[in-house]
Each structure stands twice: as structure tokens, then as C-alpha cells.
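Asks: Input structure: coords33.cif, which contains mmCIF, C-alpha atoms.
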```cif
data_input
#
loop_
_atom_site.label_atom_id
_atom_site.label_comp_id
_atom_site.auth_asym_id
_atom_site.auth_seq_id
_atom_site.Cartn_x
_atom_site.Cartn_y
_atom_site.Cartn_z
CA MET G 1 87.51 119.27 75.73
CA ALA G 2 90.06 116.47 75.78
CA GLY G 3 93.50 117.83 76.62
CA CYS G 4 92.18 121.27 77.48
CA TYR G 5 93.48 122.44 80.83
CA TYR G 6 91.93 125.93 80.84
CA GLY G 7 95.14 127.60 81.91
CA ILE G 8 96.03 125.13 84.65
CA THR G 9 99.65 125.56 85.65
CA ASP G 10 102.17 122.76 85.53
CA SER G 11 101.89 122.41 89.30
CA LEU G 12 98.28 121.21 88.92
CA ARG G 13 98.79 118.76 86.05
CA THR G 14 99.48 115.98 88.56
CA THR G 15 96.22 116.59 90.38
CA GLN G 16 94.46 113.35 91.26
CA PHE G 17 91.07 112.35 92.61
CA ASN G 18 92.05 111.27 96.12
CA HIS G 19 88.99 110.17 98.08
CA THR G 20 85.29 110.42 98.66
CA MET G 21 83.50 110.45 102.00
CA LEU G 22 80.39 108.63 103.18
CA ARG G 23 78.74 109.08 106.56
CA VAL G 24 77.99 105.84 108.40
CA LYS G 25 75.78 105.04 111.37
CA ASP G 26 77.89 102.23 112.85
CA PRO G 27 81.58 102.00 111.95
CA LYS G 28 81.95 98.38 113.08
CA VAL G 29 79.22 97.22 110.70
CA SER G 30 80.38 99.46 107.84
CA LEU G 31 84.07 98.56 108.20
CA GLN G 32 83.15 94.87 108.14
CA PHE G 33 81.16 95.43 104.92
CA TYR G 34 83.81 97.43 103.09
CA GLN G 35 86.64 95.11 104.18
CA ASP G 36 85.05 91.65 104.15
CA VAL G 37 82.40 92.08 101.45
CA LEU G 38 84.10 94.49 99.05
CA GLY G 39 87.67 93.56 99.87
CA MET G 40 89.02 96.99 100.76
CA LYS G 41 92.04 97.37 103.05
CA PHE G 42 91.86 99.54 106.17
CA ILE G 43 94.54 102.26 106.09
CA ARG G 44 93.99 104.61 108.98
CA GLU G 45 91.60 105.89 111.64
CA VAL G 46 91.50 109.53 112.72
CA ARG G 47 89.59 109.96 115.95
CA ASN G 48 88.48 113.37 117.24
CA ASP G 49 86.82 112.85 120.62
CA ALA G 50 86.43 116.58 121.25
CA ALA G 51 84.38 117.02 118.08
CA LYS G 52 82.77 113.56 118.50
CA PHE G 53 83.63 112.05 115.13
CA SER G 54 85.99 109.47 113.66
CA LEU G 55 87.27 109.00 110.13
CA TYR G 56 88.19 105.64 108.63
CA PHE G 57 90.19 105.43 105.40
CA LEU G 58 90.12 102.37 103.14
CA ALA G 59 91.31 101.48 99.64
CA PHE G 60 91.70 98.50 97.35
CA ASP G 61 95.20 97.03 97.52
CA HIS G 62 95.79 95.26 94.22
CA ASP G 63 99.55 95.93 94.30
CA ASN G 64 99.95 94.79 97.94
CA SER G 65 101.41 98.17 98.88
CA LEU G 66 99.26 98.22 102.03
CA ASN G 67 100.42 94.84 103.39
CA ASP G 68 102.45 96.39 106.20
CA ILE G 69 100.29 99.47 106.76
CA GLU G 70 99.57 98.50 110.39
CA SER G 71 103.25 98.87 111.28
CA LYS G 72 103.53 102.36 109.80
CA SER G 73 103.55 105.59 111.81
CA ASP G 74 100.52 107.89 111.72
CA THR G 75 102.43 110.23 109.42
CA GLU G 76 103.24 107.39 107.01
CA LYS G 77 99.61 106.25 107.09
CA TRP G 78 98.41 109.78 106.36
CA ASN G 79 100.88 110.08 103.48
CA THR G 80 99.48 106.81 102.15
CA VAL G 81 95.94 108.21 102.31
CA ILE G 82 96.77 111.45 100.52
CA GLY G 83 99.22 109.88 98.10
CA ARG G 84 96.89 107.47 96.33
CA GLU G 85 93.70 107.61 94.33
CA GLY G 86 90.47 105.79 95.07
CA VAL G 87 90.41 106.10 98.85
CA LEU G 88 87.11 105.77 100.69
CA GLU G 89 86.62 107.80 103.86
CA LEU G 90 83.90 106.63 106.22
CA THR G 91 82.84 109.32 108.69
CA TRP G 92 81.15 108.31 111.92
CA ASN G 93 79.52 110.85 114.21
CA HIS G 94 79.88 109.30 117.66
CA GLY G 95 76.65 108.06 119.19
CA THR G 96 74.65 107.48 116.02
CA GLU G 97 75.04 103.71 116.33
CA SER G 98 73.08 103.61 119.59
CA ASP G 99 70.68 106.56 119.12
CA PRO G 100 67.13 105.16 118.73
CA ASP G 101 66.01 108.47 117.20
CA PHE G 102 68.72 108.51 114.52
CA ARG G 103 67.04 108.05 111.15
CA GLY G 104 70.16 107.57 109.04
CA TYR G 105 71.61 109.72 106.31
CA ALA G 106 70.03 110.75 103.04
CA SER G 107 70.92 108.19 100.37
CA GLY G 108 70.68 110.68 97.55
CA ASN G 109 68.50 108.21 95.68
CA SER G 110 65.18 109.11 97.28
CA GLU G 111 63.61 112.06 99.04
CA PRO G 112 64.77 113.78 101.10
CA GLY G 113 68.19 114.57 99.79
CA LYS G 114 68.25 113.36 96.18
CA GLY G 115 71.63 113.93 94.63
CA PHE G 116 74.25 111.32 95.42
CA GLY G 117 73.97 108.23 93.25
CA HIS G 118 76.59 105.55 93.77
CA ILE G 119 80.22 104.59 94.05
CA ALA G 120 81.49 102.63 91.04
CA VAL G 121 83.48 99.46 91.64
CA THR G 122 84.69 97.41 88.67
CA VAL G 123 84.89 93.62 88.86
CA ASP G 124 86.32 91.03 86.45
CA ASP G 125 83.31 88.71 86.63
CA LEU G 126 79.99 90.27 87.53
CA GLU G 127 78.12 86.97 87.91
CA LYS G 128 80.71 85.58 90.34
CA ALA G 129 80.79 88.83 92.31
CA CYS G 130 76.99 88.90 92.57
CA GLY G 131 76.91 85.23 93.57
CA ARG G 132 79.36 86.01 96.37
CA PHE G 133 77.32 89.04 97.45
CA GLU G 134 74.17 86.87 97.56
CA LYS G 135 75.91 84.23 99.71
CA LEU G 136 77.03 86.98 102.09
CA GLY G 137 73.46 88.29 102.38
CA VAL G 138 74.17 91.65 100.73
CA LYS G 139 71.05 93.57 99.72
CA PHE G 140 70.65 94.35 96.03
CA GLN G 141 69.07 97.45 94.59
CA LYS G 142 69.41 95.92 91.11
CA LYS G 143 70.68 92.52 90.00
CA PRO G 144 72.16 92.01 86.53
CA SER G 145 69.02 90.12 85.50
CA ASP G 146 66.79 93.11 86.38
CA GLY G 147 65.89 95.55 83.63
CA LYS G 148 67.63 96.07 80.31
CA MET G 149 71.11 96.87 81.58
CA ARG G 150 72.58 93.39 82.17
CA ASN G 151 76.17 94.47 82.84
CA ILE G 152 75.58 96.30 86.12
CA ALA G 153 74.41 95.54 89.63
CA PHE G 154 73.66 97.85 92.51
CA ILE G 155 74.27 96.65 96.04
CA LEU G 156 73.59 98.52 99.25
CA ASP G 157 75.99 99.11 102.09
CA PRO G 158 74.82 98.55 105.71
CA ASP G 159 73.30 102.03 105.92
CA GLY G 160 71.31 101.45 102.75
CA CYS G 161 72.24 104.97 101.81
CA ALA G 162 75.39 104.38 99.79
CA GLU G 163 74.71 102.44 96.67
CA MET G 164 77.54 100.46 95.16
CA PHE G 165 77.68 100.14 91.40
CA SER G 166 79.50 97.16 89.92
CA PHE G 167 80.15 96.37 86.30
CA GLN G 168 82.23 93.86 84.43
CA LEU G 169 85.34 94.80 82.48
CA ASP G 170 84.97 94.26 78.74
CA HIS G 171 88.02 92.24 77.74
CA GLY G 172 86.96 92.26 74.07
CA SER G 173 86.10 89.35 71.87
#
```
Go ahead and express the file in the form of C-alpha cells.

Replies:
Amino acid sequence: MAGCYYGITDSLRTTQFNHTMLRVKDPKVSLQFYQDVLGMKFIREVRNDAAKFSLYFLAFDHDNSLNDIESKSDTEKWNTVIGREGVLELTWNHGTESDPDFRGYASGNSEPGKGFGHIAVTVDDLEKACGRFEKLGVKFQKKPSDGKMRNIAFILDPDGCAEMFSFQLDHGS
């Protein structure tokens, strides 16, 4: 299958995986987690009061290309969102954060709603990353010392429904 494009035209050869979306109960708590715990940079908010939802776009900024994102116009921010890979969209349906009857979203890892598994985030040093997560009080689904797979850890976001998967880069021997 490698190199097989199944008749894709040249105009689609530059297709990229842009973003994935997770629903969140409380954007303040989730934004704090994804920015302060995972180190993502906030790019843009899209608020739709009429439809009662807001979208928050974040990404890792290893090349510092997002340093001045706050000073950009909405159009420039949107072009940043659609022009890069690995963007995370958090979707908040207004009111869920204060609704005592809101039961959260299906995690995909248990009934009801099995299906979604995790988002993969690669780190250089898994032990250091996990030590930092522990100090920050992040909940673990699986620590590297659990089970036979020692090179992965699963941490939970504030909703407990989006599992984060972290593994260490193999720099060879």
C-alpha cells in the first residue's frame, strides 16, 4: 500500500491531517490542562452565542511560530489553524460546566460509547514527563510501570473522557 494513491489527483497530494476535536465540559479547566500540563499554545477561539457553543484551537509550538499569535487578526489566526497539522479543537457546549445533570461525554473507552481511544503525544523522556504529571496531580490510566508495555503512559484530561497516550522517542543505541 505504500505509495499507492488510488487515483488521487495532484491537487490532493498535499493533503494533511489538520485537527481533531474533543468535547469538553468546562473550557477554563480544559484549557488550563492542555496549555499548562501538556504545553500546548492557544491559537484561536470561535464563539457562536446563537448556537450556544465555542471552539478553542490549540497546538504545540516547537518552532515558536505561534509566539505572536495574540496580535494576529482573526483571519490570520484561522489561516494558522487550517494551515498546520496537529491542531486540537476543544468544543464547549455552553452551560455544561454548571449543569448538575450533565453526565459528561462518552470516553470511548467504556460503555456507553466505546470507540475513541486516545490522542498520542510523543515525549523525549517518559519518566520525566510522568514525574511532572504526578507533581501536577494528573490522573493516570496507566503508568509506565503498569503492565508489560513499559514505554507508554495514559493520562486523563479533566473530563476523564479523553485519554492521552505518551511514549518516548527511541533515539537508538

Asks: Can you pull out every residue within 6 Å of stretch 138-144 of chain G, counting all atoms listed in the file, but drop anything in the same chain fewer than 5 positions away, and send it as a list in words?

Replies: Phe133, Arg150, Asn151, Ile152, Ala153, Phe154, Ile155 and Leu156 of chain G

Asks: Can you work out the spacing between atom CA of G:Gln32 and atom CA of G:Asn64 in Å, to one decimal?

Replies: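 The value is 19.7 Å.
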
Asks: I'd like to see the residues matched by the PyMOL selection byres ((chain G and resi 9-25) around 8) on this file, and ideally I'd get them as a list in words.

Replies: Gly7, Ile8, Asp26, Pro27, Ser30, Val81, Ile82, Gly83, Arg84, Glu85, Gly86, Val87, Leu88, Glu89, Leu90, Thr91, Trp92, Asn93, Thr96, Glu97, Gly104, Tyr105, Asp159 and Ala162 of chain G

Asks: Let me see the file: selected residues, C-alpha atoms, as a CSV table (one decimal), keeping the file's coordinate frame.

Replies:
```
chain,number,residue,atom,x,y,z
G,7,GLY,CA,95.1,127.6,81.9
G,8,ILE,CA,96.0,125.1,84.6
G,26,ASP,CA,77.9,102.2,112.8
G,27,PRO,CA,81.6,102.0,112.0
G,30,SER,CA,80.4,99.5,107.8
G,81,VAL,CA,95.9,108.2,102.3
G,82,ILE,CA,96.8,111.4,100.5
G,83,GLY,CA,99.2,109.9,98.1
G,84,ARG,CA,96.9,107.5,96.3
G,85,GLU,CA,93.7,107.6,94.3
G,86,GLY,CA,90.5,105.8,95.1
G,87,VAL,CA,90.4,106.1,98.8
G,88,LEU,CA,87.1,105.8,100.7
G,89,GLU,CA,86.6,107.8,103.9
G,90,LEU,CA,83.9,106.6,106.2
G,91,THR,CA,82.8,109.3,108.7
G,92,TRP,CA,81.2,108.3,111.9
G,93,ASN,CA,79.5,110.8,114.2
G,96,THR,CA,74.6,107.5,116.0
G,97,GLU,CA,75.0,103.7,116.3
G,104,GLY,CA,70.2,107.6,109.0
G,105,TYR,CA,71.6,109.7,106.3
G,159,ASP,CA,73.3,102.0,105.9
G,162,ALA,CA,75.4,104.4,99.8
```

Asks: To verify the selection step, state as a tab-separated table (two decimals) with C-alpha atoms, keeping the file's coordinate frame which residues the PyMOL selection byres ((chain G and resi 54) around 7) yields on this input.

Replies:
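Saved result, out-v5.tsv, follows:
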```tsv
chain	number	residue	atom	x	y	z
G	45	GLU	CA	91.60	105.89	111.64
G	46	VAL	CA	91.50	109.53	112.72
G	47	ARG	CA	89.59	109.96	115.95
G	48	ASN	CA	88.48	113.37	117.24
G	53	PHE	CA	83.63	112.05	115.13
G	55	LEU	CA	87.27	109.00	110.13
G	56	TYR	CA	88.19	105.64	108.63
G	91	THR	CA	82.84	109.32	108.69
G	92	TRP	CA	81.15	108.31	111.92
G	93	ASN	CA	79.52	110.85	114.21
```

Asks: May I have the residues within 12 Å of G:Asn67 as a list in words, using all atoms listed in the file and disregarding those fewer than 4 positions away in the same chain?

Replies: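 After dropping sequence-adjacent residues, the list is Met40, Lys41, Phe42, Ile43, Ala59, Phe60, Asp61, His62, Asp63, Ser71 and Lys72 of chain G.
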
Asks: From the options G:Leu58, G:Gly137, G:Lys52, G:Gly160, which residue's atoms come nearest to G:His118, counting all atoms listed in the file?

Replies: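 The closest residue to G:His118 is G:Gly160.
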
Asks: Quote the spacing between atom CA of G:Lys28 and atom CA of G:Val123 in Å to one decimal place.

Replies: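 Atom CA of G:Lys28 sits 24.9 Å away from atom CA of G:Val123.
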
Asks: What's the separation between atom CA of G:Glu127 and atom CA of G:Pro158, in Å to one decimal place?

Replies: 21.5 Å
